[in-house]
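S.K.: Input file: query-v4.cif. Contents: mmCIF, C-alpha atoms.
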data_work
#
loop_
_atom_site.label_atom_id
_atom_site.label_comp_id
_atom_site.auth_asym_id
_atom_site.auth_seq_id
_atom_site.Cartn_x
_atom_site.Cartn_y
_atom_site.Cartn_z
CA MET A 209 5.96 24.43 11.89
CA LYS A 210 6.68 22.32 8.84
CA ARG A 211 4.44 19.32 8.11
CA ILE A 212 4.20 16.95 5.17
CA PHE A 213 1.11 14.83 4.52
CA LEU A 214 2.19 11.98 2.22
CA ILE A 215 -0.84 10.02 0.98
CA VAL A 216 -0.41 6.73 -0.90
CA LEU A 217 -3.39 5.79 -3.07
CA ASP A 218 -2.59 2.09 -2.89
CA SER A 219 -2.25 0.60 -6.42
CA PHE A 220 -3.13 3.78 -8.37
CA GLY A 221 -0.80 3.19 -11.32
CA ILE A 222 -0.79 5.46 -14.38
CA GLY A 223 0.53 3.18 -17.13
CA GLU A 224 2.90 0.29 -17.77
CA MET A 225 6.61 0.62 -17.16
CA GLU A 226 9.10 -0.27 -19.88
CA ASP A 227 9.76 -3.69 -18.33
CA ALA A 228 6.09 -4.52 -17.68
CA ALA A 229 6.16 -7.48 -20.07
CA GLU A 230 8.76 -9.17 -17.85
CA TYR A 231 6.14 -9.17 -15.09
CA GLY A 232 3.27 -10.31 -17.29
CA ASP A 233 1.78 -6.81 -17.27
CA LYS A 234 2.08 -5.60 -20.86
CA GLY A 235 -0.59 -3.01 -21.61
CA THR A 236 -1.69 -2.36 -18.03
CA ASN A 237 -2.89 1.12 -17.07
CA THR A 238 -4.91 1.46 -13.89
CA LEU A 239 -5.82 5.12 -14.40
CA LYS A 240 -6.96 4.61 -17.99
CA SER A 241 -9.09 1.59 -17.08
CA VAL A 242 -10.75 3.39 -14.19
CA SER A 243 -11.33 6.52 -16.27
CA SER A 244 -13.60 4.43 -18.53
CA SER A 245 -16.17 4.22 -15.73
CA SER A 246 -19.14 6.58 -15.67
CA TYR A 247 -18.34 7.04 -11.96
CA PHE A 248 -14.85 8.42 -12.63
CA HIS A 249 -14.77 12.05 -11.51
CA MET A 250 -11.53 13.69 -10.34
CA PRO A 251 -11.74 17.43 -11.04
CA ASN A 252 -9.68 18.38 -7.97
CA MET A 253 -6.85 15.98 -8.77
CA GLY A 254 -7.12 17.37 -12.30
CA LYS A 255 -6.56 20.89 -10.98
CA LEU A 256 -3.47 19.72 -9.13
CA GLY A 257 -2.16 18.31 -12.40
CA LEU A 258 -2.88 14.56 -12.51
CA PHE A 259 -3.74 14.58 -16.22
CA HIS A 260 -0.66 16.64 -17.12
CA ILE A 261 1.76 14.01 -15.83
CA ASP A 262 4.02 12.50 -18.52
CA GLY A 263 2.35 9.63 -20.36
CA VAL A 264 -1.18 10.26 -19.05
CA ASP A 265 -3.54 10.34 -22.04
CA CYS A 266 -6.92 10.70 -20.36
CA GLY A 267 -8.73 13.37 -18.37
CA ASP A 268 -9.20 17.12 -18.73
CA LYS A 269 -5.97 19.07 -19.38
CA LYS A 270 -7.58 22.49 -19.82
CA GLU A 271 -6.31 24.13 -16.63
CA ASP A 272 -2.66 24.74 -15.78
CA PRO A 273 -1.57 22.54 -12.85
CA VAL A 274 -1.35 24.19 -9.44
CA ALA A 275 0.95 21.48 -8.01
CA GLY A 276 4.35 20.07 -8.76
CA ILE A 277 3.90 16.85 -10.73
CA ALA A 278 6.02 13.88 -11.81
CA ARG A 279 5.79 10.38 -13.23
CA MET A 280 7.60 7.92 -10.97
CA LYS A 281 9.50 4.83 -12.10
CA GLU A 282 10.17 1.95 -9.75
CA ALA A 283 13.87 1.08 -9.63
CA SER A 284 13.30 -1.96 -7.40
CA LYS A 285 12.63 -5.42 -8.76
CA GLY A 286 9.05 -6.03 -7.84
CA LYS A 287 5.52 -4.67 -7.84
CA ASP A 288 4.21 -5.25 -4.36
CA THR A 289 3.19 -3.09 -1.43
CA THR A 290 6.28 -3.67 0.70
CA ILE A 291 8.85 -3.00 -2.02
CA GLY A 292 6.89 0.02 -3.31
CA HIS A 293 6.61 1.71 0.09
CA TRP A 294 10.20 0.87 1.00
CA GLU A 295 11.39 2.54 -2.20
CA ILE A 296 9.27 5.64 -1.52
CA ALA A 297 11.17 5.81 1.78
CA GLY A 298 14.56 5.29 0.12
CA VAL A 299 15.22 1.53 0.03
CA ILE A 300 15.78 0.19 -3.49
CA SER A 301 15.42 -3.60 -3.63
CA LYS A 302 17.75 -5.14 -6.20
CA LYS A 303 16.15 -8.58 -5.82
CA PRO A 304 12.43 -9.31 -5.74
CA LEU A 305 11.04 -10.78 -2.56
CA PRO A 306 10.31 -14.53 -2.90
CA THR A 307 6.95 -15.67 -4.26
CA TYR A 308 5.41 -19.13 -4.24
CA PRO A 309 3.21 -19.85 -7.28
CA ASP A 310 3.26 -23.58 -6.38
CA GLY A 311 2.81 -23.09 -2.64
CA PHE A 312 5.37 -23.14 0.15
CA PRO A 313 7.92 -25.97 0.39
CA LYS A 314 7.24 -28.88 2.73
CA GLU A 315 10.09 -28.02 5.08
CA VAL A 316 8.62 -24.57 5.71
CA LEU A 317 5.15 -25.90 6.47
CA ASP A 318 6.49 -28.75 8.63
CA ALA A 319 8.45 -26.25 10.72
CA PHE A 320 5.42 -23.97 10.99
CA SER A 321 3.15 -26.86 12.08
CA ALA A 322 5.70 -27.89 14.69
CA MET A 323 5.63 -24.35 16.09
CA THR A 324 1.83 -24.04 16.22
CA GLY A 325 0.81 -27.63 16.86
CA ARG A 326 -1.74 -27.33 14.03
CA GLY A 327 -1.95 -28.75 10.53
CA VAL A 328 -2.12 -26.72 7.32
CA LEU A 329 -4.81 -26.49 4.65
CA CYS A 330 -4.64 -25.18 1.05
CA ASN A 331 -1.01 -24.01 0.54
CA LYS A 332 -1.45 -22.43 -2.87
CA PRO A 333 -2.16 -19.01 -4.38
CA TYR A 334 -5.81 -18.19 -3.70
CA SER A 335 -8.32 -15.38 -3.47
CA GLY A 336 -8.83 -14.39 0.15
CA THR A 337 -12.62 -14.57 -0.06
CA GLU A 338 -12.65 -17.83 -2.02
CA VAL A 339 -10.16 -19.61 0.24
CA ILE A 340 -12.40 -19.30 3.30
CA ARG A 341 -15.38 -20.37 1.21
CA ASP A 342 -13.58 -23.49 -0.01
CA TYR A 343 -11.63 -24.42 3.14
CA GLY A 344 -13.60 -22.77 5.94
CA ASP A 345 -15.71 -25.81 6.86
CA GLU A 346 -12.67 -28.10 7.04
CA HIS A 347 -10.80 -25.57 9.13
CA VAL A 348 -13.69 -25.31 11.61
CA ARG A 349 -13.93 -29.10 11.79
CA THR A 350 -10.20 -29.85 12.20
CA GLY A 351 -8.65 -26.68 13.60
CA ASP A 352 -6.03 -26.78 10.88
CA LEU A 353 -4.85 -23.35 9.68
CA ILE A 354 -5.62 -22.10 6.17
CA VAL A 355 -2.28 -21.04 4.70
CA TYR A 356 -2.23 -19.45 1.26
CA THR A 357 -0.35 -16.94 -0.84
CA SER A 358 -0.81 -14.79 -3.95
CA ALA A 359 1.32 -13.35 -6.72
CA ASP A 360 2.80 -11.11 -3.99
CA SER A 361 5.43 -12.13 -1.49
CA VAL A 362 2.99 -13.05 1.29
CA PHE A 363 2.33 -15.89 3.73
CA GLN A 364 -1.32 -15.53 4.71
CA ILE A 365 -2.99 -17.38 7.57
CA ALA A 366 -6.78 -17.48 7.74
CA ALA A 367 -8.59 -18.72 10.84
CA HIS A 368 -12.08 -18.51 12.27
CA GLU A 369 -12.21 -16.25 15.31
CA GLU A 370 -14.12 -18.88 17.32
CA VAL A 371 -11.63 -21.61 16.41
CA VAL A 372 -8.45 -19.56 16.81
CA PRO A 373 -8.79 -16.39 18.92
CA VAL A 374 -7.41 -13.36 17.10
CA GLU A 375 -4.54 -12.81 19.55
CA THR A 376 -3.54 -16.46 19.10
CA LEU A 377 -3.63 -16.01 15.32
CA TYR A 378 -1.37 -12.99 15.70
CA GLU A 379 1.03 -15.11 17.76
CA TYR A 380 1.07 -17.76 15.02
CA CYS A 381 1.92 -14.98 12.55
CA ARG A 382 4.80 -13.85 14.75
CA MET A 383 6.08 -17.45 14.72
CA ALA A 384 5.82 -17.53 10.93
CA ARG A 385 7.58 -14.16 10.69
CA GLU A 386 10.46 -15.49 12.77
CA LEU A 387 10.62 -18.59 10.56
CA LEU A 388 10.39 -16.82 7.21
CA GLN A 389 13.74 -15.08 6.95
CA GLY A 390 16.63 -15.26 4.47
CA GLU A 391 15.79 -17.44 1.46
CA HIS A 392 12.13 -17.59 2.46
CA GLY A 393 11.92 -14.00 3.72
CA VAL A 394 8.51 -13.06 2.33
CA GLY A 395 7.56 -9.40 2.45
CA ARG A 396 4.56 -9.91 4.73
CA VAL A 397 2.97 -12.51 6.96
CA ILE A 398 -0.72 -11.60 7.13
CA ALA A 399 -3.34 -12.61 9.70
CA ARG A 400 -6.74 -13.07 8.03
CA PRO A 401 -9.40 -13.69 10.70
CA PHE A 402 -12.96 -14.52 9.62
CA VAL A 403 -16.37 -15.33 11.07
CA GLY A 404 -19.57 -17.08 9.98
CA ASP A 405 -20.65 -20.69 9.58
CA ASN A 406 -21.61 -23.47 7.14
CA GLY A 407 -19.73 -22.08 4.18
CA ASN A 408 -21.08 -18.56 4.71
CA TYR A 409 -17.88 -16.92 5.91
CA THR A 410 -16.76 -13.29 5.88
CA ARG A 411 -13.42 -11.71 6.73
CA THR A 412 -13.28 -9.34 9.69
CA PRO A 413 -11.42 -5.99 9.80
CA ARG A 414 -8.88 -7.40 12.29
CA ARG A 415 -6.36 -8.26 9.59
CA HIS A 416 -2.78 -7.60 10.70
CA ASP A 417 0.44 -7.54 8.66
CA PHE A 418 3.82 -8.64 9.98
CA SER A 419 6.48 -7.28 7.64
CA LEU A 420 10.17 -7.80 7.15
CA MET A 421 12.34 -5.19 8.81
CA PRO A 422 13.54 -2.68 6.17
CA PRO A 423 17.12 -3.70 5.29
CA ALA A 424 18.56 -0.17 5.22
CA VAL A 425 18.06 3.35 6.53
CA THR A 426 14.80 4.99 5.43
CA MET A 427 13.53 8.54 5.42
CA LEU A 428 11.45 7.54 8.47
CA ASP A 429 14.58 6.68 10.43
CA GLN A 430 16.24 9.95 9.45
CA LEU A 431 13.19 12.02 10.41
CA CYS A 432 13.09 10.31 13.82
CA GLU A 433 16.81 10.86 14.35
CA ALA A 434 16.23 14.57 13.68
CA GLY A 435 13.61 14.66 16.43
CA LEU A 436 10.64 15.00 14.06
CA SER A 437 7.30 13.22 14.27
CA VAL A 438 6.56 10.30 11.94
CA ILE A 439 2.85 9.51 12.09
CA SER A 440 1.46 6.38 10.44
CA VAL A 441 -2.15 6.23 9.26
CA GLY A 442 -3.37 2.85 8.00
CA LYS A 443 -0.94 0.00 7.39
CA ILE A 444 2.24 2.10 7.09
CA LYS A 445 3.44 0.95 10.53
CA ASP A 446 3.07 -2.69 9.51
CA ILE A 447 4.87 -2.21 6.19
CA PHE A 448 7.93 -0.81 8.02
CA ALA A 449 7.64 -3.25 10.95
CA GLY A 450 7.22 -0.22 13.22
CA LYS A 451 10.73 1.05 12.43
CA GLY A 452 10.97 4.84 12.28
CA ILE A 453 7.38 5.41 13.47
CA THR A 454 6.65 7.69 16.43
CA GLU A 455 2.84 7.49 16.42
CA PHE A 456 0.32 5.33 14.58
CA THR A 457 -3.35 4.70 14.05
CA TYR A 458 -4.91 1.79 12.17
CA THR A 459 -7.92 2.26 9.91
CA ARG A 460 -10.70 0.08 8.56
CA GLY A 461 -10.73 1.56 5.06
CA ASN A 462 -10.31 4.67 2.95
CA GLU A 463 -13.02 6.75 4.57
CA GLU A 464 -11.57 6.32 8.04
CA GLY A 465 -8.06 6.92 6.67
CA ILE A 466 -9.17 10.23 5.19
CA GLU A 467 -10.96 11.22 8.41
CA LYS A 468 -7.85 10.43 10.48
CA THR A 469 -5.77 12.55 8.08
CA LEU A 470 -8.18 15.45 8.54
CA GLU A 471 -7.87 15.04 12.32
CA TYR A 472 -4.07 15.19 12.12
CA LEU A 473 -4.31 18.35 10.04
CA ASP A 474 -5.93 19.94 13.10
CA LYS A 475 -3.12 18.82 15.42
CA ASP A 476 0.20 20.48 16.20
CA PHE A 477 3.28 18.48 15.20
CA GLU A 478 6.36 18.93 13.06
CA GLY A 479 7.28 16.16 10.68
CA LEU A 480 5.55 13.61 8.45
CA CYS A 481 2.05 12.14 8.41
CA PHE A 482 2.34 9.06 6.17
CA VAL A 483 -1.04 7.70 5.01
CA ASN A 484 -2.01 4.53 3.13
CA LEU A 485 -5.48 4.27 1.58
CA VAL A 486 -5.74 0.56 0.86
CA ASP A 487 -9.26 0.05 -0.56
CA TYR A 488 -8.28 0.80 -4.17
CA ASP A 489 -6.04 -2.25 -4.13
CA MET A 490 -7.74 -4.61 -1.70
CA LEU A 491 -11.41 -4.10 -2.57
CA TYR A 492 -11.35 -3.05 -6.22
CA GLY A 493 -8.10 -3.67 -8.10
CA HIS A 494 -7.78 -7.31 -7.08
CA ARG A 495 -11.45 -7.90 -7.88
CA ASN A 496 -11.45 -6.28 -11.34
CA ASP A 497 -14.07 -3.84 -10.06
CA ILE A 498 -13.65 -0.79 -12.32
CA ASP A 499 -16.74 1.04 -11.07
CA GLY A 500 -15.87 0.43 -7.41
CA TYR A 501 -12.35 1.74 -7.96
CA ALA A 502 -13.73 4.81 -9.76
CA LYS A 503 -16.20 5.56 -6.96
CA ALA A 504 -13.44 5.30 -4.34
CA LEU A 505 -11.23 7.70 -6.30
CA ALA A 506 -14.14 10.11 -6.72
CA TYR A 507 -14.69 10.06 -2.95
CA PHE A 508 -11.04 10.95 -2.30
CA ASP A 509 -11.25 13.72 -4.89
CA GLU A 510 -14.40 15.05 -3.23
CA LYS A 511 -12.57 15.23 0.13
CA LEU A 512 -9.46 16.86 -1.35
CA PRO A 513 -10.68 20.49 -0.97
CA GLU A 514 -11.35 19.80 2.72
CA ILE A 515 -7.81 18.42 3.13
CA ILE A 516 -6.29 21.40 1.31
CA GLY A 517 -8.49 23.84 3.23
CA LYS A 518 -6.94 22.72 6.53
CA MET A 519 -3.34 23.12 5.33
CA GLY A 520 -1.16 25.75 6.93
CA GLU A 521 1.35 28.06 5.26
CA GLU A 522 4.23 25.59 5.72
CA ASP A 523 2.27 22.39 5.07
CA VAL A 524 2.95 20.26 2.00
CA LEU A 525 0.60 17.66 0.54
CA MET A 526 2.12 14.80 -1.46
CA ILE A 527 0.00 12.21 -3.29
CA THR A 528 1.46 9.09 -4.90
CA ALA A 529 1.05 5.30 -5.25
CA ASP A 530 3.13 2.19 -4.58
CA HIS A 531 2.37 0.09 -7.71
CA GLY A 532 -0.54 -0.58 -10.07
CA CYS A 533 -3.47 -3.01 -9.90
CA ASP A 534 -5.35 -2.53 -13.17
CA PRO A 535 -8.99 -3.58 -12.63
CA GLY A 536 -9.49 -3.68 -16.39
CA TYR A 537 -6.70 -6.20 -16.96
CA THR A 538 -8.67 -9.44 -17.09
CA VAL A 539 -5.61 -11.63 -17.65
CA SER A 540 -4.82 -11.28 -13.96
CA THR A 541 -6.13 -9.81 -10.71
CA ASP A 542 -2.62 -9.24 -9.37
CA HIS A 543 -0.59 -6.07 -8.97
CA SER A 544 0.73 -4.52 -12.17
CA ARG A 545 4.17 -3.08 -12.94
CA GLU A 546 3.25 0.54 -13.63
CA HIS A 547 4.49 4.08 -13.27
CA THR A 548 2.91 5.95 -10.39
CA PRO A 549 1.80 9.60 -10.07
CA PHE A 550 3.39 12.17 -7.82
CA LEU A 551 1.69 15.45 -6.95
CA MET A 552 3.11 17.97 -4.49
CA TYR A 553 1.06 20.95 -3.36
CA GLY A 554 1.60 23.75 -0.85
CA ALA A 555 1.91 27.51 -0.48
CA LYS A 556 5.70 27.25 -0.84
CA ILE A 557 5.67 24.73 -3.73
CA GLU A 558 6.19 26.02 -7.26
CA PRO A 559 3.84 24.35 -9.78
CA ARG A 560 6.02 22.62 -12.36
CA ASN A 561 6.50 19.33 -14.15
CA PHE A 562 9.42 17.40 -12.72
CA GLY A 563 9.25 14.94 -15.63
CA THR A 564 9.78 11.20 -15.27
CA ARG A 565 11.83 10.26 -12.22
CA GLU A 566 14.10 7.22 -12.14
CA THR A 567 13.08 6.01 -8.68
CA PHE A 568 10.34 6.34 -6.07
CA ALA A 569 13.20 7.21 -3.68
CA ASP A 570 13.12 10.77 -5.06
CA ILE A 571 9.99 11.19 -2.93
CA GLY A 572 11.85 10.27 0.25
CA ALA A 573 14.70 12.58 -0.70
CA THR A 574 12.24 15.42 -1.28
CA VAL A 575 10.60 14.86 2.11
CA LEU A 576 13.96 15.01 3.86
CA ASP A 577 15.09 18.04 1.85
CA TYR A 578 12.05 19.99 3.01
CA PHE A 579 13.25 19.50 6.59
CA GLY A 580 16.85 20.29 5.72
CA ILE A 581 18.06 16.69 6.03
CA ARG A 582 20.45 15.07 3.56
CA PRO A 583 19.25 11.55 2.57
CA GLN A 584 21.44 8.56 3.39
CA PHE A 585 20.13 6.75 0.30
CA ALA A 586 20.00 7.10 -3.47
CA GLY A 587 17.34 9.65 -4.34
CA THR A 588 17.22 13.19 -5.71
CA SER A 589 15.08 15.90 -4.18
CA MET A 590 12.60 17.65 -6.42
CA LEU A 591 12.91 20.83 -4.36
CA ALA A 592 16.43 21.62 -5.59
#
Take the structure I supplied and represent it as structure tokens, if you would.
M.R.:
Amino acid sequence: MKRIFLIVLDSFGIGEMEDAAEYGDKGTNTLKSVSSSSYFHMPNMGKLGLFHIDGVDCGDKKEDPVAGIARMKEASKGKDTTIGHWEIAGVISKKPLPTYPDGFPKEVLDAFSAMTGRGVLCNKPYSGTEVIRDYGDEHVRTGDLIVYTSADSVFQIAAHEEVVPVETLYEYCRMARELLQGEHGVGRVIARPFVGDNGNYTRTPRRHDFSLMPPAVTMLDQLCEAGLSVISVGKIKDIFAGKGITEFTYTRGNEEGIEKTLEYLDKDFEGLCFVNLVDYDMLYGHRNDIDGYAKALAYFDEKLPEIIGKMGEEDVLMITADHGCDPGYTVSTDHSREHTPFLMYGAKIEPRNFGTRETFADIGATVLDYFGIRPQFAGTSMLA
């Protein structure tokens, strides 16, 4: 019974790509910034070979790696969650998804207001915690929706749960998703419910992402077509708009994501368990919180022996990332255009350095190759 557990440490970049300057990210290196923290401790990832990956100039390199390792380059034009995960699964995006540094155009917001019957507040790039602080009172008073974006291709809608019930907010997001296609086809429409009063507002864990449908065949589709399981843990289902997913479970953070992964290791299935651990990006990278990021990585590293201890003879563990989000880069709190790590461990995997790969899609090709499936996309297996 062959199983692959593919874990994405969301935003765990390992150093700028050659074109980083074009994205305003010259000099970014998430791993190096986080390694400066006194809380940084990743001996188990070190044993797998994290610090032996091409270009990594921090950490302990004393032991020979026990995993296959590679440095991944992103061939797509972009540095966001959707494009990164799509490329891991085989879809290379030649054009970046649209972003709105000056807010969304009037015709988009007028159409959205006509659909919902509600006005719009903000309409500019904003921090998710600050936008409810600054616009929450007006939203509660008027019922108008807080619409904002970021450096990513996102249309975010924040609403108080007592003003707009969560299911209604989700319906508004579905309306926005239907509207935002083609020229204005943002990667994700995101529901951002919150609670509280009098300027003391907090976001709830009932966030929900409504993504674009992947524009081409992915490894998930091919696994499904072959009759294999494709299990989503975390926001993977949302990123792929449910396409190619046979089973899913949402999580409220890294700890629950790791616990769900451990539970699936105890279950019988053949196929892929695809996991996203989002806290590195959402809670720490975007907030320039180096120590918080380091603590979260140390927690994952601490749980790694338990994950490996549950693996069977034919199980393969893959660990990677979808982009960077350097918490030490004070010029910006946005994602960074970085290489990502790839580590592949299992009883049948030969420890070796696969060098620097030209696309994240090599991961998808490797997954399919393990199950004897030829990829219908550009990508080269590392098992050959």
S.K.: Quick one: of A:Asp405, A:Asp265, A:Glu558, A:Glu386, who's nearest to Glu369 of chain A, counting only C-alpha atoms?
M.R.: A:Asp405
S.K.: Could you check which of A:Gly520, A:Ala586, A:Lys287, A:Glu295 is closest to Lys556 of chain A, using all atoms listed in the file?
M.R.: A:Gly520
S.K.: Let me make sure I understand: among A:Leu512, A:Val299, A:Leu485, A:Leu576, which one has the smallest atom-to-atom distance to Ala529 of chain A if we use all atoms listed in the file?
M.R.: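 Closest residue, counting all atoms listed in the file: A:Leu485.
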S.K.: Tell me, in Å to one decimal, how far atom CA of Arg211 of chain A is from atom CA of Tyr488 of chain A.
M.R.: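 According to the coordinates, atom CA of Arg211 of chain A and atom CA of Tyr488 of chain A are separated by 25.6 Å.
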S.K.: Give me the segment 492-586 of chain A side of the contact with segment 233-238 of chain A, cut-off 12 Å, one line per residue showing its nearest atom pair and distance in Å at one decimal, counting only C-alpha atoms, sorted by chain and residue number, as a tab-separated table.
M.R.:
residue	atom	partner	partner_atom	distance
A:Tyr492	CA	A:Thr238	CA	11.0
A:Gly493	CA	A:Thr238	CA	8.4
A:His494	CA	A:Thr238	CA	11.5
A:Asn496	CA	A:Thr238	CA	10.4
A:Asp497	CA	A:Thr238	CA	11.3
A:Ile498	CA	A:Thr238	CA	9.2
A:Tyr501	CA	A:Thr238	CA	9.5
A:Ala502	CA	A:Thr238	CA	10.3
A:Leu505	CA	A:Thr238	CA	11.7
A:Ala529	CA	A:Thr238	CA	11.2
A:His531	CA	A:Thr238	CA	9.6
A:Gly532	CA	A:Thr238	CA	6.2
A:Cys533	CA	A:Thr238	CA	6.2
A:Asp534	CA	A:Thr238	CA	4.1
A:Pro535	CA	A:Thr238	CA	6.6
A:Gly536	CA	A:Thr238	CA	7.3
A:Tyr537	CA	A:Thr236	CA	6.4
A:Thr538	CA	A:Thr236	CA	10.0
A:Val539	CA	A:Asp233	CA	8.8
A:Ser540	CA	A:Asp233	CA	8.6
A:Thr541	CA	A:Asp233	CA	10.7
A:Asp542	CA	A:Asp233	CA	9.4
A:His543	CA	A:Asp233	CA	8.7
A:Ser544	CA	A:Asp233	CA	5.7
A:Arg545	CA	A:Asp233	CA	6.2
A:Glu546	CA	A:Asn237	CA	7.1
A:His547	CA	A:Asn237	CA	8.8
A:Thr548	CA	A:Thr238	CA	9.7
A:Pro549	CA	A:Thr238	CA	11.2
S.K.: Up to 6 Å from (-1.4, -5.0, 6.2) in the file's coordinates: name the residues, counting only C-alpha atoms, as a PDB file with C-alpha atoms, in the frame of the given file.
M.R.:
ATOM      1  CA  HIS A 416      -2.780  -7.600  10.700  1.00  0.00           C
ATOM      2  CA  ASP A 417       0.440  -7.540   8.660  1.00  0.00           C
ATOM      3  CA  LYS A 443      -0.940   0.000   7.390  1.00  0.00           C
TER       4      LYS A 443
END
S.K.: Near segment 452-455 of chain A, within 7 Å and counting only C-alpha atoms, which residues show up once chain neighbours fewer than 2 positions away are dropped, as a list of chain:residue names?
M.R.: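 Everything that qualifies: A:Leu428, A:Asp429, A:Cys432, A:Ser437, A:Val438, A:Ile439, A:Ser440, A:Lys445, A:Gly450.
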S.K.: Just the residues within 12 Å of segment 406-408 of chain A, please, counting all atoms listed in the file, with nothing from its chain fewer than 5 positions along; format it as a list in words.
M.R.: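 In the requested format, the answer is Thr337, Glu338, Val339, Ile340, Arg341, Asp342, Tyr343, Gly344, Asp345, Glu346, His347, Val348, Arg349 and His368 of chain A.
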S.K.: Measuring between all atoms listed in the file, which one of A:Ile398, A:Phe579, A:Arg415, A:Ser241 shows the shortest distance to Phe220 of chain A?
M.R.: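 Smallest separation from Phe220 of chain A among the options: A:Ser241.
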S.K.: Given the file shown, enumerate the residues that the PyMOL selection byres ((chain A and resi 552) around 8) captures and present them as a PyMOL selection string.
M.R.: chain A and resi 275-277+524-527+550-551+553-554+557
S.K.: Output C-alpha atoms for every residue in the selection just made, as a compact mmCIF listing (two decimals), in the frame of the given file.
M.R.:
# COMPACT_ATOMS: atom_id res chain seq x y z
CA ALA A 275 0.95 21.48 -8.01
CA GLY A 276 4.35 20.07 -8.76
CA ILE A 277 3.90 16.85 -10.73
CA VAL A 524 2.95 20.26 2.00
CA LEU A 525 0.60 17.66 0.54
CA MET A 526 2.12 14.80 -1.46
CA ILE A 527 0.00 12.21 -3.29
CA PHE A 550 3.39 12.17 -7.82
CA LEU A 551 1.69 15.45 -6.95
CA TYR A 553 1.06 20.95 -3.36
CA GLY A 554 1.60 23.75 -0.85
CA ILE A 557 5.67 24.73 -3.73
S.K.: Just the residues within 12 Å of Ala319 of chain A, please, counting only C-alpha atoms, with nothing from its chain fewer than 3 positions along; format it as a list of chain:residue names.
M.R.: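 Result of the neighbour search: A:Phe312, A:Pro313, A:Lys314, A:Glu315, A:Val316, A:Ala322, A:Met323, A:Thr324, A:Gly325, A:Arg326, A:Gly327, A:Val328, A:Met383, A:Ala384, A:Glu386, A:Leu387, A:Leu388.
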S.K.: Suppose a student applies the PyMOL selection byres ((chain A and resi 305) around 9) to this structure; what residues should they get, written as a ChimeraX atom specification?
M.R.: /A:285-286,288,291,301,303-304,306-307,360-361,392-395
S.K.: For the structure provided, state which residues fall under the PyMOL selection byres ((chain A and resi 281) around 6), and present them as a ChimeraX atom specification.
M.R.: /A:280,282,547,565-567
